[in-house]
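Enquirer: What follows is input.cif; its format and atoms are mmCIF, C-alpha atoms.
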```
data_entry
#
loop_
_atom_site.group_PDB
_atom_site.id
_atom_site.type_symbol
_atom_site.label_atom_id
_atom_site.label_comp_id
_atom_site.auth_asym_id
_atom_site.auth_seq_id
_atom_site.Cartn_x
_atom_site.Cartn_y
_atom_site.Cartn_z
ATOM 1 C CA MET P 1 44.955 22.348 37.445
ATOM 2 C CA ARG P 2 44.251 21.393 33.845
ATOM 3 C CA ARG P 3 47.153 20.070 31.886
ATOM 4 C CA LYS P 4 47.822 21.713 28.627
ATOM 5 C CA TYR P 5 48.805 19.273 25.921
ATOM 6 C CA LEU P 6 51.146 20.582 23.367
ATOM 7 C CA ARG P 7 50.392 19.376 19.819
ATOM 8 C CA ARG P 8 53.655 18.694 18.101
ATOM 9 C CA GLY P 9 53.790 18.468 14.246
ATOM 10 C CA PHE P 10 56.515 17.395 11.836
ATOM 11 C CA THR P 11 59.467 19.648 11.380
ATOM 12 C CA LEU P 12 60.492 20.865 7.950
ATOM 13 C CA ILE P 13 63.574 18.625 8.004
ATOM 14 C CA GLU P 14 61.475 15.522 8.718
ATOM 15 C CA LEU P 15 59.112 16.350 5.863
ATOM 16 C CA LEU P 16 62.013 16.898 3.464
ATOM 17 C CA ILE P 17 63.524 13.537 4.433
ATOM 18 C CA VAL P 18 60.206 11.743 3.782
ATOM 19 C CA VAL P 19 59.814 13.486 0.402
ATOM 20 C CA ALA P 20 63.401 12.547 -0.538
ATOM 21 C CA ILE P 21 62.796 8.874 0.361
ATOM 22 C CA ILE P 22 59.593 8.807 -1.728
ATOM 23 C CA ALA P 23 61.442 10.409 -4.661
ATOM 24 C CA ILE P 24 64.235 7.815 -4.467
ATOM 25 C CA LEU P 25 61.734 4.942 -4.392
ATOM 26 C CA ALA P 26 59.850 6.419 -7.375
ATOM 27 C CA ALA P 27 63.105 6.847 -9.306
ATOM 28 C CA ILE P 28 63.785 3.136 -8.813
ATOM 29 C CA ALA P 29 60.239 1.870 -9.447
ATOM 30 C CA ILE P 30 59.156 3.896 -12.529
ATOM 31 C CA PRO P 31 61.942 2.730 -14.903
ATOM 32 C CA ASN P 32 61.348 -0.879 -13.836
ATOM 33 C CA PHE P 33 57.626 -0.467 -14.545
ATOM 34 C CA LEU P 34 58.338 1.014 -17.989
ATOM 35 C CA GLU P 35 60.795 -1.794 -18.773
ATOM 36 C CA ALA P 36 58.137 -4.344 -17.811
ATOM 37 C CA GLN P 37 55.688 -2.682 -20.222
ATOM 38 C CA VAL P 38 58.194 -2.906 -23.082
ATOM 39 C CA ARG P 39 58.980 -6.553 -22.295
ATOM 40 C CA SER P 40 55.267 -7.411 -22.267
ATOM 41 C CA LYS P 41 54.770 -5.715 -25.674
ATOM 42 C CA VAL P 42 57.739 -7.659 -27.070
ATOM 43 C CA SER P 43 56.175 -10.896 -25.799
ATOM 44 C CA ARG P 44 52.830 -9.932 -27.296
ATOM 45 C CA SER P 45 54.450 -9.147 -30.667
ATOM 46 C CA LYS P 46 56.235 -12.482 -30.714
ATOM 47 C CA ALA P 47 52.994 -14.313 -29.896
ATOM 48 C CA ASP P 48 51.107 -12.388 -32.620
ATOM 49 C CA MET P 49 53.771 -13.205 -35.201
ATOM 50 C CA ARG P 50 53.762 -16.870 -34.147
ATOM 51 C CA THR P 51 49.999 -16.927 -34.784
ATOM 52 C CA LEU P 52 50.424 -15.242 -38.178
ATOM 53 C CA ALA P 53 53.247 -17.648 -39.096
ATOM 54 C CA THR P 54 51.026 -20.626 -38.320
ATOM 55 C CA ALA P 55 48.278 -19.156 -40.529
ATOM 56 C CA LEU P 56 50.762 -18.534 -43.376
ATOM 57 C CA GLU P 57 52.059 -22.092 -43.234
ATOM 58 C CA SER P 58 48.510 -23.487 -43.088
ATOM 59 C CA TYR P 59 47.594 -21.401 -46.140
ATOM 60 C CA ALA P 60 50.651 -22.747 -47.981
ATOM 61 C CA VAL P 61 49.685 -26.340 -47.186
ATOM 62 C CA GLU P 62 46.189 -25.751 -48.596
ATOM 63 C CA HIS P 63 47.159 -23.678 -51.665
ATOM 64 C CA THR P 64 50.752 -24.903 -52.350
ATOM 65 C CA LYS P 65 51.973 -21.294 -52.290
ATOM 66 C CA TYR P 66 52.205 -18.471 -49.765
ATOM 67 C CA PRO P 67 49.734 -15.560 -49.870
ATOM 68 C CA ILE P 68 50.635 -12.389 -51.759
ATOM 69 C CA ASP P 69 52.041 -9.375 -49.918
ATOM 70 C CA GLY P 70 50.405 -6.495 -51.768
ATOM 71 C CA SER P 71 53.609 -5.371 -53.465
ATOM 72 C CA ARG P 72 51.968 -5.049 -56.896
ATOM 73 C CA PRO P 73 49.521 -2.193 -57.521
ATOM 74 C CA SER P 74 47.018 -4.438 -59.270
ATOM 75 C CA ASP P 75 46.597 -7.071 -56.546
ATOM 76 C CA GLY P 76 44.232 -5.005 -54.379
ATOM 77 C CA SER P 77 46.074 -5.621 -51.079
ATOM 78 C CA LEU P 78 47.890 -3.231 -48.783
ATOM 79 C CA PHE P 79 51.607 -2.961 -49.528
ATOM 80 C CA TRP P 80 53.638 -5.557 -47.605
ATOM 81 C CA TYR P 81 50.929 -6.685 -45.206
ATOM 82 C CA VAL P 82 49.346 -10.083 -44.632
ATOM 83 C CA PRO P 83 46.319 -10.188 -46.970
ATOM 84 C CA ASN P 84 42.775 -11.076 -45.976
ATOM 85 C CA ALA P 85 43.107 -14.185 -48.161
ATOM 86 C CA ILE P 86 44.191 -16.111 -45.043
ATOM 87 C CA THR P 87 40.803 -15.392 -43.456
ATOM 88 C CA THR P 88 38.454 -16.294 -46.322
ATOM 89 C CA PRO P 89 37.048 -18.553 -47.730
ATOM 90 C CA ILE P 90 38.967 -20.797 -45.312
ATOM 91 C CA ALA P 91 39.779 -19.065 -42.036
ATOM 92 C CA PHE P 92 43.371 -19.952 -41.172
ATOM 93 C CA ILE P 93 43.174 -17.077 -38.691
ATOM 94 C CA SER P 94 40.159 -15.074 -37.537
ATOM 95 C CA SER P 95 41.618 -11.725 -38.654
ATOM 96 C CA ALA P 96 44.724 -10.714 -40.595
ATOM 97 C CA ARG P 97 44.460 -7.213 -39.132
ATOM 98 C CA ILE P 98 46.513 -7.814 -36.000
ATOM 99 C CA VAL P 99 47.911 -4.448 -34.897
ATOM 100 C CA ASP P 100 51.588 -4.159 -33.961
ATOM 101 C CA PRO P 101 51.738 -2.643 -30.433
ATOM 102 C CA PHE P 102 54.866 -0.676 -31.348
ATOM 103 C CA ARG P 103 53.483 1.020 -34.489
ATOM 104 C CA ILE P 104 52.913 4.718 -33.883
ATOM 105 C CA ALA P 105 49.386 5.688 -34.868
ATOM 106 C CA ILE P 106 49.452 8.822 -36.981
ATOM 107 C CA THR P 107 46.187 10.704 -36.679
ATOM 108 C CA GLY P 108 43.823 9.464 -39.343
ATOM 109 C CA THR P 109 45.969 6.450 -40.293
ATOM 110 C CA PRO P 110 43.747 3.414 -40.850
ATOM 111 C CA VAL P 111 44.349 0.443 -38.574
ATOM 112 C CA GLY P 112 45.261 -1.600 -41.658
ATOM 113 C CA TYR P 113 48.530 0.319 -41.944
ATOM 114 C CA ARG P 114 49.527 -0.320 -38.330
ATOM 115 C CA ARG P 115 49.764 -4.073 -38.757
ATOM 116 C CA TYR P 116 52.815 -6.324 -38.924
ATOM 117 C CA ARG P 117 54.679 -6.141 -42.227
ATOM 118 C CA TYR P 118 54.890 -9.258 -44.373
ATOM 119 C CA ARG P 119 57.060 -10.034 -47.386
ATOM 120 C CA ASN P 120 56.532 -12.968 -49.731
ATOM 121 C CA PHE P 121 59.909 -12.876 -51.454
ATOM 122 C CA SER P 122 59.078 -14.790 -54.625
ATOM 123 C CA TYR P 123 55.958 -12.664 -55.205
ATOM 124 C CA THR P 124 57.711 -9.345 -54.512
ATOM 125 C CA TYR P 125 61.086 -9.847 -56.123
ATOM 126 C CA GLY P 126 60.669 -12.583 -58.712
ATOM 127 C CA ALA P 127 62.586 -15.845 -58.933
ATOM 128 C CA VAL P 128 66.148 -14.531 -59.366
ATOM 129 C CA LYS P 129 66.328 -11.896 -56.621
ATOM 130 C CA ALA P 130 63.999 -13.848 -54.300
ATOM 131 C CA GLY P 131 66.454 -16.739 -54.255
ATOM 132 C CA VAL P 132 68.995 -14.622 -52.386
ATOM 133 C CA TYR P 133 66.412 -13.562 -49.772
ATOM 134 C CA GLU P 134 65.135 -17.111 -49.449
ATOM 135 C CA THR P 135 68.613 -18.434 -48.602
ATOM 136 C CA ILE P 136 68.626 -16.027 -45.651
ATOM 137 C CA TYR P 137 65.007 -15.910 -44.437
ATOM 138 C CA GLY P 138 63.095 -18.660 -46.230
ATOM 139 C CA ALA P 139 59.978 -17.962 -48.315
ATOM 140 C CA TRP P 140 58.587 -15.121 -46.164
ATOM 141 C CA GLU P 141 59.322 -12.615 -43.402
ATOM 142 C CA LEU P 142 57.096 -10.977 -40.777
ATOM 143 C CA MET P 143 58.314 -7.775 -39.143
ATOM 144 C CA GLY P 144 57.159 -5.698 -36.176
ATOM 145 C CA ASN P 145 58.571 -2.255 -35.410
ATOM 146 C CA GLY P 146 60.169 -3.107 -32.079
ATOM 147 C CA PRO P 147 60.634 -0.852 -29.028
ATOM 148 C CA ASP P 148 62.244 1.969 -31.018
ATOM 149 C CA ARG P 149 58.825 2.292 -32.757
ATOM 150 C CA SER P 150 60.276 2.727 -36.231
ATOM 151 C CA ALA P 151 60.723 0.424 -39.187
ATOM 152 C CA GLY P 152 64.409 -0.247 -39.623
ATOM 153 C CA PRO P 153 67.281 0.099 -39.436
ATOM 154 C CA PHE P 154 68.011 -1.915 -42.548
ATOM 155 C CA ILE P 155 71.235 -3.195 -44.078
ATOM 156 C CA TYR P 156 71.520 -2.693 -47.802
ATOM 157 C CA LYS P 157 73.760 -5.386 -49.260
ATOM 158 C CA THR P 158 74.548 -6.179 -52.862
ATOM 159 C CA MET P 159 74.582 -9.909 -53.438
ATOM 160 C CA SER P 160 74.899 -11.344 -56.964
ATOM 161 C CA GLY P 161 74.363 -7.886 -58.408
ATOM 162 C CA HIS P 162 71.099 -7.273 -56.491
ATOM 163 C CA THR P 163 70.594 -4.639 -53.799
ATOM 164 C CA MET P 164 68.878 -6.195 -50.774
ATOM 165 C CA GLU P 165 66.913 -4.702 -47.888
ATOM 166 C CA LEU P 166 67.763 -6.819 -44.853
ATOM 167 C CA THR P 167 66.061 -6.122 -41.555
ATOM 168 C CA LEU P 168 68.221 -5.796 -38.438
ATOM 169 C CA PRO P 169 66.660 -7.733 -35.561
ATOM 170 C CA TYR P 170 65.915 -6.283 -32.146
ATOM 171 C CA ASP P 171 68.247 -7.592 -29.472
ATOM 172 C CA PRO P 172 67.091 -7.182 -25.847
ATOM 173 C CA THR P 173 70.666 -7.504 -24.577
ATOM 174 C CA ASN P 174 71.222 -3.966 -25.899
ATOM 175 C CA GLY P 175 68.460 -2.602 -23.670
ATOM 176 C CA THR P 176 64.728 -2.649 -24.157
ATOM 177 C CA VAL P 177 64.706 0.535 -26.256
ATOM 178 C CA SER P 178 67.523 -0.464 -28.595
ATOM 179 C CA ALA P 179 67.069 -0.166 -32.344
ATOM 180 C CA GLY P 180 65.960 -3.082 -34.464
ATOM 181 C CA ASN P 181 62.771 -4.851 -35.444
ATOM 182 C CA LEU P 182 61.012 -7.923 -34.178
ATOM 183 C CA ILE P 183 61.337 -10.435 -36.997
ATOM 184 C CA ARG P 184 59.960 -13.866 -37.680
ATOM 185 C CA SER P 185 60.726 -15.664 -40.883
ATOM 186 C CA GLN P 186 60.121 -19.103 -42.277
ATOM 187 C CA ARG P 187 63.684 -20.063 -41.420
ATOM 188 C CA TYR P 188 64.174 -18.228 -38.101
ATOM 189 C CA THR P 189 61.596 -17.841 -35.351
ATOM 190 C CA GLU P 190 63.617 -15.175 -33.558
ATOM 191 C CA GLY P 191 64.738 -13.134 -36.560
ATOM 192 C CA MET P 192 68.349 -14.221 -36.604
ATOM 193 C CA ALA P 193 70.583 -11.572 -38.151
ATOM 194 C CA PRO P 194 71.973 -12.408 -41.562
ATOM 195 C CA VAL P 195 75.772 -12.746 -41.345
ATOM 196 C CA TRP P 196 78.288 -12.628 -44.183
ATOM 197 C CA GLY P 197 81.994 -12.700 -44.332
ATOM 198 C CA PRO P 198 84.045 -9.736 -45.623
#
```
Take the structure in the file and write it out as structure tokens.
Expert:
Amino acid sequence: MRRKYLRRGFTLIELLIVVAIIAILAAIAIPNFLEAQVRSKVSRSKADMRTLATALESYAVEHTKYPIDGSRPSDGSLFWYVPNAITTPIAFISSARIVDPFRIAITGTPVGYRRYRYRNFSYTYGAVKAGVYETIYGAWELMGNGPDRSAGPFIYKTMSGHTMELTLPYDPTNGTVSAGNLIRSQRYTEGMAPVWGP
């Protein structure tokens, strides 16, 4: 007599348990993966700004001044970006057009406007107002958008009768998507927040 083998499949309950376990594992793994992506972009931004800072300081050694920041309509440079002057005639860096990984690309926006922002305080604000910025940041500031993908927030303080735009730094202890910008200045490599008393 031939034995009949019964083929037994998974029950609905067993399948639901497997699906639930996979969903739980995905719920744990996906946020960690996204956090790792943000942390890697932060590291990349800091490395890019370190490279730009080295080029700015090398330019200053050669020319005894820092490059302009495009804040005057007649200078032919993009507003508040590192100019191409650091690439020619002497190449302190191969390209000044390093794109900030956190800048949102608006359709049709040239790559030049997605770069790290740069402010040369004495060029932008003149000797009197620049002195207040320079006591906080030094001669220049580089800024990346940070994980919130927007420029800002900014603090507007009035010091010595001048309104100032001070950049709030990104702080990873508030979570990788917290507000604030990645900052590097001549004085602070990690964009230390300016602090005043009452």
Enquirer: Near Tyr137 of chain P, counting all atoms listed in the file, which residues have an atom at most 12 Å away, once you skip same-chain residues fewer than 5 positions from it, shown as a ChimeraX atom specification?
Expert: /P:119-122,130-132,142-143,165-167,183-195
Enquirer: Write out as an mmCIF file with C-alpha atoms, in the coordinates of the input which residues come within 12 Å of Tyr59 of chain P when counting only C-alpha atoms, dropping same-chain ones fewer than 3 positions away.
Expert:
```
data_model
loop_
_atom_site.group_PDB
_atom_site.id
_atom_site.type_symbol
_atom_site.label_atom_id
_atom_site.label_comp_id
_atom_site.auth_asym_id
_atom_site.auth_seq_id
_atom_site.Cartn_x
_atom_site.Cartn_y
_atom_site.Cartn_z
ATOM 1 C CA LEU P 52 50.424 -15.242 -38.178
ATOM 2 C CA ALA P 53 53.247 -17.648 -39.096
ATOM 3 C CA THR P 54 51.026 -20.626 -38.320
ATOM 4 C CA ALA P 55 48.278 -19.156 -40.529
ATOM 5 C CA LEU P 56 50.762 -18.534 -43.376
ATOM 6 C CA GLU P 62 46.189 -25.751 -48.596
ATOM 7 C CA HIS P 63 47.159 -23.678 -51.665
ATOM 8 C CA THR P 64 50.752 -24.903 -52.350
ATOM 9 C CA LYS P 65 51.973 -21.294 -52.290
ATOM 10 C CA TYR P 66 52.205 -18.471 -49.765
ATOM 11 C CA PRO P 67 49.734 -15.560 -49.870
ATOM 12 C CA ILE P 68 50.635 -12.389 -51.759
ATOM 13 C CA VAL P 82 49.346 -10.083 -44.632
ATOM 14 C CA PRO P 83 46.319 -10.188 -46.970
ATOM 15 C CA ASN P 84 42.775 -11.076 -45.976
ATOM 16 C CA ALA P 85 43.107 -14.185 -48.161
ATOM 17 C CA ILE P 86 44.191 -16.111 -45.043
ATOM 18 C CA THR P 87 40.803 -15.392 -43.456
ATOM 19 C CA THR P 88 38.454 -16.294 -46.322
ATOM 20 C CA PRO P 89 37.048 -18.553 -47.730
ATOM 21 C CA ILE P 90 38.967 -20.797 -45.312
ATOM 22 C CA ALA P 91 39.779 -19.065 -42.036
ATOM 23 C CA PHE P 92 43.371 -19.952 -41.172
ATOM 24 C CA ILE P 93 43.174 -17.077 -38.691
#
```
Enquirer: Between P:Glu35, P:Lys46, P:Trp80, P:Ser94, which is the closest to Tyr170 of chain P once you count only C-alpha atoms?
Expert: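 For Tyr170 of chain P, the nearest of the given residues is P:Lys46.
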Enquirer: Once 6 Å is added on each side, what are the centre and the three edge lengths, in Å to one decimal, of the axis-aligned box enclosing the listed atoms of segment 90-95 of chain P? Present them as AutoDock Vina command-line options.
Expert:
```
--center_x 41.2 --center_y -16.3 --center_z -41.4 --size_x 16.4 --size_y 21.1 --size_z 19.8
```
Enquirer: In Å, how far is it from atom CA of Gly180 of chain P to atom CA of Ile155 of chain P?
Expert: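 Distance between the two atoms: 11.0 Å.
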